[in-house]
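model-v8.cif follows (mmCIF, C-alpha atoms):
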```
data_protein
#
loop_
_atom_site.label_atom_id
_atom_site.label_comp_id
_atom_site.auth_asym_id
_atom_site.auth_seq_id
_atom_site.Cartn_x
_atom_site.Cartn_y
_atom_site.Cartn_z
CA MET A 1 -14.26 22.55 18.04
CA SER A 2 -12.92 25.99 17.33
CA ALA A 3 -15.40 28.71 16.50
CA HIS A 4 -12.92 30.29 14.12
CA ALA A 5 -13.04 29.69 10.37
CA GLU A 6 -9.41 28.58 10.42
CA GLU A 7 -8.39 25.25 11.90
CA HIS A 8 -4.96 24.30 13.11
CA PHE A 9 -3.08 22.14 10.59
CA ALA A 10 0.60 21.80 11.36
CA GLY A 11 3.21 21.62 8.63
CA SER A 12 4.05 24.05 5.85
CA ASN A 13 3.75 23.43 2.10
CA LYS A 14 7.56 23.61 1.93
CA LEU A 15 7.78 20.72 4.39
CA PHE A 16 5.25 18.66 2.40
CA ILE A 17 7.15 19.27 -0.86
CA SER A 18 10.41 18.13 0.79
CA ILE A 19 8.67 14.94 1.99
CA TRP A 20 7.39 14.33 -1.56
CA VAL A 21 10.92 14.79 -2.94
CA TRP A 22 12.24 12.22 -0.44
CA LEU A 23 9.50 9.76 -1.40
CA VAL A 24 10.30 10.14 -5.12
CA LEU A 25 14.04 9.72 -4.44
CA LEU A 26 13.49 6.55 -2.40
CA THR A 27 11.29 5.18 -5.21
CA LEU A 28 14.04 5.89 -7.76
CA ILE A 29 16.51 4.02 -5.52
CA GLU A 30 14.12 1.04 -5.48
CA ILE A 31 13.91 1.01 -9.28
CA PHE A 32 17.71 1.29 -9.53
CA LEU A 33 18.12 -1.63 -7.11
CA ALA A 34 15.82 -3.79 -9.23
CA TYR A 35 18.55 -4.01 -11.88
CA ARG A 36 21.48 -4.57 -9.52
CA PRO A 37 22.50 -8.23 -9.26
CA MET A 38 22.20 -9.28 -5.62
CA PRO A 39 20.82 -12.19 -3.58
CA ILE A 40 17.04 -12.05 -3.26
CA HIS A 41 17.25 -11.89 0.56
CA PHE A 42 19.37 -8.70 0.43
CA MET A 43 17.05 -7.23 -2.17
CA LEU A 44 13.95 -8.03 -0.08
CA THR A 45 15.48 -6.60 3.09
CA ILE A 46 16.54 -3.36 1.42
CA LEU A 47 13.23 -2.92 -0.43
CA LEU A 48 11.16 -3.57 2.71
CA GLY A 49 13.38 -1.18 4.70
CA LEU A 50 12.86 1.56 2.11
CA SER A 51 9.12 0.85 2.02
CA ILE A 52 8.83 1.13 5.80
CA ILE A 53 10.69 4.48 5.70
CA LYS A 54 8.34 5.71 2.94
CA ALA A 55 5.27 4.50 4.85
CA ALA A 56 6.50 6.23 8.01
CA LEU A 57 7.00 9.52 6.13
CA ILE A 58 3.47 9.30 4.67
CA VAL A 59 1.84 8.43 8.00
CA ALA A 60 3.81 10.99 10.01
CA TYR A 61 3.55 14.01 7.71
CA PHE A 62 0.86 13.51 5.06
CA MET A 63 -1.52 11.70 7.42
CA HIS A 64 -0.47 14.11 10.13
CA LEU A 65 -0.01 11.47 12.84
CA LYS A 66 3.22 13.13 14.03
CA PHE A 67 1.17 16.14 15.09
CA GLU A 68 -1.58 14.15 16.83
CA ARG A 69 -1.77 13.31 20.51
CA LEU A 70 0.64 10.66 21.78
CA SER A 71 -2.27 8.60 23.13
CA LEU A 72 -3.70 8.24 19.58
CA ILE A 73 -0.31 7.20 18.19
CA LEU A 74 0.18 4.64 20.97
CA THR A 75 -3.33 3.25 20.41
CA LEU A 76 -2.93 2.81 16.65
CA VAL A 77 0.67 1.95 15.83
CA PRO A 78 1.83 -0.78 18.28
CA MET A 79 -1.35 -2.83 17.75
CA LEU A 80 -0.88 -2.77 13.97
CA VAL A 81 2.81 -3.70 14.21
CA ILE A 82 2.07 -6.62 16.57
CA CYS A 83 -0.78 -7.93 14.39
CA ILE A 84 1.39 -7.78 11.25
CA CYS A 85 4.19 -9.63 13.08
CA LEU A 86 1.66 -12.30 14.12
CA LEU A 87 0.75 -12.81 10.45
CA PHE A 88 4.27 -14.15 9.93
CA VAL A 89 3.83 -16.92 12.50
CA MET A 90 3.17 -19.55 9.84
CA PHE A 91 5.63 -18.18 7.29
CA PRO A 92 8.48 -20.66 7.98
CA ASP A 93 6.10 -23.41 6.84
CA SER A 94 6.56 -22.10 3.28
CA PHE A 95 10.17 -23.37 3.28
CA ARG A 96 9.01 -26.81 4.43
CA SER A 97 6.29 -27.05 1.78
CA SER A 98 8.78 -25.86 -0.82
CA GLY A 99 10.92 -28.90 0.01
CA LEU A 100 8.00 -31.26 -0.08
CA ARG A 101 6.33 -30.15 -3.26
CA TYR A 102 8.95 -31.12 -5.82
CA LYS A 103 10.85 -33.73 -3.89
CA TYR A 104 10.19 -36.51 -6.39
CA LYS A 105 10.87 -36.17 -10.10
CA GLU A 106 9.21 -39.54 -10.57
CA PRO A 107 5.72 -40.24 -9.19
CA PRO A 108 5.95 -40.57 -5.40
CA PRO A 109 6.39 -44.15 -4.12
CA VAL A 110 3.21 -45.87 -3.04
CA ALA A 111 2.75 -47.77 0.19
CA PRO A 112 3.20 -51.57 -0.13
CA ALA A 113 -0.02 -53.50 -0.29
CA PRO A 114 -0.97 -55.17 3.04
CA GLU A 115 -0.04 -58.79 3.26
CA GLU A 116 -2.80 -61.34 2.82
CA PRO A 117 -3.63 -63.01 6.14
CA MET B 1 -21.57 31.57 42.09
CA SER B 2 -21.00 30.94 38.41
CA THR B 3 -23.67 28.99 36.53
CA GLU B 4 -21.51 28.79 33.39
CA ALA B 5 -21.08 25.27 32.06
CA ARG B 6 -17.50 24.24 31.43
CA VAL B 7 -16.97 22.52 28.09
CA GLY B 8 -13.90 21.77 26.02
CA HIS B 9 -11.78 21.07 29.07
CA PHE B 10 -8.96 18.69 28.21
CA PRO B 11 -7.40 16.52 30.89
CA ALA B 12 -3.80 17.22 31.80
CA VAL B 13 -2.63 13.68 31.09
CA ASP B 14 -3.37 11.72 27.92
CA TRP B 15 -4.82 8.73 29.79
CA ASP B 16 -7.18 10.73 31.99
CA GLY B 17 -10.00 10.17 29.50
CA GLY B 18 -12.60 12.86 29.02
CA ALA B 19 -14.90 13.81 26.16
CA LEU B 20 -12.09 13.67 23.55
CA PRO B 21 -9.30 11.51 24.95
CA TYR B 22 -7.52 11.44 21.60
CA ARG B 23 -8.38 15.06 20.75
CA VAL B 24 -9.87 13.95 17.41
CA GLY B 25 -13.55 13.72 16.48
CA HIS B 26 -15.34 10.38 16.38
CA ARG B 27 -15.43 10.38 12.56
CA LYS B 28 -11.70 10.85 12.28
CA LEU B 29 -11.11 8.13 14.87
CA GLY B 30 -13.48 5.90 12.88
CA MET B 31 -11.45 6.48 9.71
CA TRP B 32 -8.23 5.61 11.58
CA LEU B 33 -9.80 2.36 12.79
CA PHE B 34 -11.00 1.56 9.25
CA ILE B 35 -7.46 2.22 7.97
CA LEU B 36 -6.08 -0.16 10.60
CA SER B 37 -8.44 -2.95 9.52
CA ASP B 38 -7.71 -2.33 5.83
CA SER B 39 -3.97 -2.33 6.58
CA LEU B 40 -4.37 -5.80 8.03
CA THR B 41 -6.30 -6.95 4.95
CA PHE B 42 -3.48 -5.86 2.66
CA SER B 43 -0.85 -7.19 5.08
CA ALA B 44 -2.52 -10.62 5.07
CA LEU B 45 -2.62 -10.62 1.26
CA LEU B 46 1.04 -9.61 0.98
CA VAL B 47 2.15 -12.17 3.58
CA GLY B 48 0.13 -14.83 1.72
CA TYR B 49 1.85 -13.74 -1.50
CA GLY B 50 5.23 -14.06 0.23
CA TYR B 51 4.30 -17.52 1.50
CA LEU B 52 3.36 -18.73 -1.98
CA ARG B 53 6.44 -17.15 -3.48
CA ALA B 54 8.79 -18.78 -0.97
CA SER B 55 7.22 -22.22 -1.41
CA ASN B 56 7.18 -22.27 -5.23
CA ASN B 57 9.31 -21.75 -8.30
CA TRP B 58 8.23 -18.15 -8.83
CA PRO B 59 8.53 -16.52 -12.28
CA THR B 60 10.12 -13.05 -12.65
CA PRO B 61 8.63 -11.98 -15.98
CA PHE B 62 8.28 -8.16 -15.86
CA PRO B 63 10.27 -6.35 -18.58
CA PHE B 64 11.51 -2.76 -18.19
CA TYR B 65 8.96 -1.68 -20.79
CA PRO B 66 6.00 -1.67 -20.35
CA SER B 67 5.72 -3.12 -16.82
CA ILE B 68 8.39 -1.23 -14.83
CA VAL B 69 8.02 2.03 -16.77
CA PHE B 70 4.25 2.00 -16.31
CA SER B 71 4.36 1.03 -12.63
CA SER B 72 7.01 3.70 -11.93
CA VAL B 73 4.91 6.41 -13.58
CA MET B 74 1.90 5.12 -11.61
CA THR B 75 3.93 5.42 -8.39
CA PHE B 76 4.84 8.99 -9.34
CA CYS B 77 1.14 9.74 -9.94
CA LEU B 78 0.10 8.41 -6.52
CA LEU B 79 2.90 10.26 -4.70
CA SER B 80 1.94 13.47 -6.49
CA SER B 81 -1.73 12.90 -5.65
CA SER B 82 -0.81 12.66 -1.96
CA LEU B 83 1.01 15.99 -2.24
CA THR B 84 -1.97 17.70 -3.90
CA MET B 85 -4.28 16.16 -1.26
CA VAL B 86 -2.21 17.53 1.60
CA PHE B 87 -2.22 20.95 -0.12
CA GLY B 88 -6.04 20.66 -0.29
CA VAL B 89 -6.32 19.86 3.43
CA SER B 90 -3.92 22.70 4.20
CA ALA B 91 -6.02 25.13 2.13
CA SER B 92 -9.15 23.91 3.90
CA SER B 93 -7.53 24.55 7.30
CA ARG B 94 -7.03 28.19 6.26
CA GLY B 95 -10.72 28.43 5.33
CA ASP B 96 -9.83 28.55 1.59
CA LYS B 97 -12.60 26.25 0.29
CA ALA B 98 -12.02 27.13 -3.39
CA GLY B 99 -8.33 26.25 -3.03
CA ALA B 100 -9.23 23.01 -1.27
CA ARG B 101 -11.58 22.05 -4.14
CA LYS B 102 -8.91 22.84 -6.74
CA TRP B 103 -6.31 20.64 -5.04
CA ILE B 104 -8.81 17.82 -4.46
CA LEU B 105 -9.70 17.87 -8.17
CA ALA B 106 -5.96 17.64 -8.97
CA THR B 107 -5.78 14.64 -6.62
CA ILE B 108 -8.68 12.96 -8.46
CA PHE B 109 -6.90 13.61 -11.78
CA PHE B 110 -3.74 11.86 -10.57
CA GLY B 111 -5.79 9.02 -9.09
CA LEU B 112 -7.70 8.42 -12.32
CA THR B 113 -4.43 8.59 -14.30
CA PHE B 114 -3.13 5.84 -12.03
CA VAL B 115 -6.20 3.67 -12.70
CA VAL B 116 -6.02 4.17 -16.49
CA LEU B 117 -2.28 3.34 -16.59
CA HIS B 118 -2.89 0.30 -14.41
CA LEU B 119 -5.63 -0.97 -16.70
CA ILE B 120 -3.34 -0.55 -19.73
CA GLU B 121 -0.67 -2.52 -17.85
CA TRP B 122 -3.20 -5.25 -17.00
CA ASN B 123 -4.22 -5.34 -20.66
CA HIS B 124 -0.57 -5.91 -21.70
CA LEU B 125 -0.32 -8.89 -19.37
CA ILE B 126 -3.73 -10.35 -20.27
CA SER B 127 -3.00 -10.07 -24.00
CA GLU B 128 0.27 -11.91 -23.37
CA GLY B 129 -1.75 -14.81 -21.95
CA MET B 130 -1.52 -14.24 -18.19
CA ARG B 131 -4.61 -15.38 -16.28
CA PRO B 132 -5.37 -15.81 -12.57
CA PHE B 133 -4.52 -19.53 -12.71
CA PHE B 134 -2.47 -19.85 -15.90
CA LEU B 135 0.82 -18.46 -17.16
CA PRO B 136 1.60 -17.73 -20.83
CA GLU B 137 3.11 -20.79 -22.50
CA HIS B 138 6.45 -19.11 -23.29
CA TRP B 139 6.80 -18.00 -19.64
CA VAL B 140 6.39 -21.63 -18.55
CA LYS B 141 9.13 -22.71 -20.99
CA VAL B 142 11.56 -19.96 -19.92
CA PHE B 143 11.06 -20.21 -16.14
CA THR B 144 10.96 -24.00 -15.79
CA THR B 145 14.04 -24.98 -13.76
CA ALA B 146 16.78 -27.35 -14.94
CA ASP B 147 15.15 -29.99 -12.69
CA GLY B 148 11.92 -29.64 -14.66
CA VAL B 149 9.99 -27.72 -11.99
CA PRO B 150 7.47 -25.45 -13.73
CA PRO B 151 6.80 -21.88 -12.51
CA SER B 152 3.81 -21.43 -10.22
CA PRO B 153 0.58 -20.53 -12.05
CA LEU B 154 -0.50 -18.68 -8.87
CA PHE B 155 1.64 -15.73 -10.01
CA GLY B 156 -1.41 -14.40 -11.87
CA ALA B 157 -3.80 -15.05 -8.97
CA THR B 158 -1.69 -13.07 -6.49
CA PHE B 159 -0.94 -10.31 -9.00
CA PHE B 160 -4.54 -9.71 -10.06
CA THR B 161 -5.91 -10.02 -6.50
CA ILE B 162 -3.52 -7.63 -4.81
CA THR B 163 -3.23 -5.03 -7.55
CA GLY B 164 -6.97 -5.37 -8.30
CA LEU B 165 -7.97 -4.73 -4.69
CA HIS B 166 -5.64 -1.75 -4.58
CA MET B 167 -7.03 -0.40 -7.86
CA PHE B 168 -10.54 -0.77 -6.40
CA HIS B 169 -9.45 1.35 -3.43
CA VAL B 170 -8.04 4.03 -5.75
CA ALA B 171 -11.24 4.08 -7.83
CA THR B 172 -13.54 4.30 -4.79
CA GLY B 173 -11.21 6.94 -3.32
CA ALA B 174 -11.60 9.02 -6.50
CA VAL B 175 -15.41 8.78 -6.16
CA TYR B 176 -15.19 9.68 -2.44
CA LEU B 177 -13.02 12.71 -3.24
CA GLY B 178 -15.44 13.68 -6.05
CA VAL B 179 -18.26 13.84 -3.49
CA VAL B 180 -16.04 15.82 -1.10
CA ALA B 181 -15.06 18.28 -3.87
CA ALA B 182 -18.72 18.75 -4.83
CA ARG B 183 -19.80 19.42 -1.23
CA VAL B 184 -16.67 21.20 -0.03
CA ASN B 185 -18.51 24.36 1.03
CA LYS B 186 -20.91 22.40 3.26
CA LEU B 187 -18.30 20.16 4.83
CA LYS B 188 -16.25 20.90 7.94
CA HIS B 189 -12.47 20.97 7.77
CA GLU B 190 -12.28 17.68 9.65
CA ASP B 191 -14.37 15.94 6.96
CA ILE B 192 -11.87 17.02 4.30
CA GLU B 193 -8.99 15.90 6.50
CA ILE B 194 -10.68 12.48 6.89
CA SER B 195 -10.97 12.05 3.12
CA GLY B 196 -7.26 12.93 2.95
CA LEU B 197 -6.46 10.18 5.47
CA TYR B 198 -8.12 7.60 3.22
CA TRP B 199 -6.30 8.85 0.14
CA HIS B 200 -2.89 8.83 1.81
CA PHE B 201 -3.59 5.29 3.00
CA VAL B 202 -4.18 4.18 -0.59
CA ASP B 203 -0.81 5.75 -1.47
CA LEU B 204 0.83 4.04 1.51
CA VAL B 205 -0.38 0.58 0.45
CA TRP B 206 1.14 1.09 -3.01
CA MET B 207 4.52 1.79 -1.34
CA PHE B 208 4.52 -1.93 -0.41
CA VAL B 209 2.72 -3.36 -3.46
CA PHE B 210 5.07 -1.69 -5.96
CA PRO B 211 8.39 -3.12 -4.65
CA LEU B 212 7.01 -6.51 -3.62
CA ILE B 213 4.95 -7.24 -6.73
CA TYR B 214 6.75 -5.28 -9.46
CA ILE B 215 10.36 -4.64 -8.43
CA MET B 216 10.82 -8.18 -7.07
CA SER B 217 9.47 -9.65 -10.33
CA VAL B 218 11.76 -7.86 -12.77
CA ASP B 219 13.15 -10.02 -15.60
CA VAL B 220 16.72 -8.84 -14.89
CA GLY B 221 18.48 -11.10 -17.36
CA GLY B 222 15.96 -10.37 -20.12
CA HIS B 223 15.14 -14.09 -20.36
CA LEU B 224 11.78 -13.51 -22.02
CA ALA B 225 13.23 -11.14 -24.61
CA ARG B 226 15.65 -13.75 -25.97
#
```
Encoded form (structure tokens):
Amino acid sequence: MSAHAEEHFAGSNKLFISIWVWLVLLTLIEIFLAYRPMPIHFMLTILLGLSIIKAALIVAYFMHLKFERLSLILTLVPMLVICICLLFVMFPDSFRSSGLRYKYKEPPPVAPAPEEP
Amino acid sequence: MSTEARVGHFPAVDWDGGALPYRVGHRKLGMWLFILSDSLTFSALLVGYGYLRASNNWPTPFPFYPSIVFSSVMTFCLLSSSLTMVFGVSASSRGDKAGARKWILATIFFGLTFVVLHLIEWNHLISEGMRPFFLPEHWVKVFTTADGVPPSPLFGATFFTITGLHMFHVATGAVYLGVVAARVNKLKHEDIEISGLYWHFVDLVWMFVFPLIYIMSVDVGGHLAR
């Protein structure tokens, strides 16, 4: 720990203001996109892409991770990305259950009663 | 022969270990690990929300006013609070404790504005009849498909859980920053930086909650207004 009163904190206020402007602009694009007619898959992909860019800007500059040691970045980021990817392992099941849930407009057929011996 | 103890020696390579292999204090590392675990909590909730949404007839009931206008202003508040927080940490790094306190108080102001706006938005939805496991009757009529499939009542459960947990984080963050602002002269710079990490994380989570919960649920055709 430094004995000086001042600590090193990289990044100027001008840089932080420019990051804030980018974040606001990307948010405005998201709101604009909400009212553009497009397939939900395109919308989801674009919105998630913009969100990941915004998250990266916040983590890198506001949370200062860009200026930390590479070993800290490599310890934190890949593990989180892998764990989040693993959360999606069961996601395809949602499409299957979607097909099952409302398959029958009428009550589902019942199994025939077993024959009397 | 020198009897001087050598301290503060950093290894040449990142993976050589040493007293501070990451060159951050143990408290800051602890906050990063907490943020990782909390990120996974929110990720699990958002993936669960996506799962339910993909497997159900999901309503898209949010009108431009009040829902989208309120949530957009709330987003602006959180982004601005992150900017004021980073100014506070920057002031603290220069030894300007009074400046750091001023910017932290501005951050708390934006955070509390976010909470108040969010509660007003919740009140709109609750007064319309939305509950964790029920939808308003007119939503059910409008969003029932031509095949007669009703919209999922879990819309309310996912909405209140995810936005509620996030609002709880903002509220506790405001209390945390209040304590930091009150004790700013006694705290080290790293302690103020750590509180900033938590606050930026709360902002970061909203960058996913806002598009996935609000933007993806916009009533584009104005079905409910008809």
Distance filter 6 Å, all atoms listed in the file, chain A against chain B, as a CSV table (one decimal) with C-alpha atoms, in the coordinates of the input:
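Wrote it out as part.csv, contents follow:
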```csv
chain,number,residue,atom,x,y,z
A,5,ALA,CA,-13.0,29.7,10.4
A,6,GLU,CA,-9.4,28.6,10.4
A,7,GLU,CA,-8.4,25.2,11.9
A,34,ALA,CA,15.8,-3.8,-9.2
A,35,TYR,CA,18.6,-4.0,-11.9
A,51,SER,CA,9.1,0.8,2.0
A,55,ALA,CA,5.3,4.5,4.8
A,63,MET,CA,-1.5,11.7,7.4
A,71,SER,CA,-2.3,8.6,23.1
A,72,LEU,CA,-3.7,8.2,19.6
A,91,PHE,CA,5.6,-18.2,7.3
A,94,SER,CA,6.6,-22.1,3.3
A,95,PHE,CA,10.2,-23.4,3.3
A,97,SER,CA,6.3,-27.0,1.8
A,98,SER,CA,8.8,-25.9,-0.8
```
**Asked** Which residue gives the smallest distance to Val59 (chain A) among B:Val202, B:Cys77, B:Leu154, B:Leu119, with all atoms listed in the file counted?
**Response**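 Looking at the shortest contact to Val59 (chain A), the residue is B:Val202.
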**Request:** Could you jot down the CA of Val170 (chain B) to CA of Val115 (chain B) separation for me, Å, one decimal place?
**Result:**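 Calculated distance between CA of Val170 (chain B) and CA of Val115 (chain B) is 7.2 Å.
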**Output check: residues returned by the PyMOL selection byres ((chain A and resi 33) around 12), as a PyMOL selection string** = (chain A and resi 26-32+34-40+42-47+50) or (chain B and resi 211+215-216+218+220)
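Each of A:His64, A:Arg69, A:Arg96, A:Lys54 was checked against Gly11 (chain A) using all atoms listed in the file; the smallest atom-to-atom distance is that of A:His64.
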**Prompt:** Just how far from CA of Gly164 (chain B) is CA of Ala181 (chain B), in Å to one decimal?
**Reply:**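 Going from CA of Ala181 (chain B) over to CA of Gly164 (chain B) covers 25.4 Å.
When the PyMOL selection byres ((chain B and resi 113) around 12) is run on the displayed coordinates, the residues it returns are Phe70, Ser71, Val73, Met74, Thr75, Phe76, Cys77, Leu78, Ser80, Ser81, Ala106, Thr107, Ile108, Phe109, Phe110, Gly111, Leu112, Phe114, Val115, Val116, Leu117, His118, Leu119, Ile120, Met167, Val170, Ala171 and Ala174 of chain B.
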**Request:** May I ask for the distance between CA of His223 (chain B) and CA of Phe159 (chain B), given in Å to one decimal place?
**Result:**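 These atoms are spaced 20.0 Å apart.
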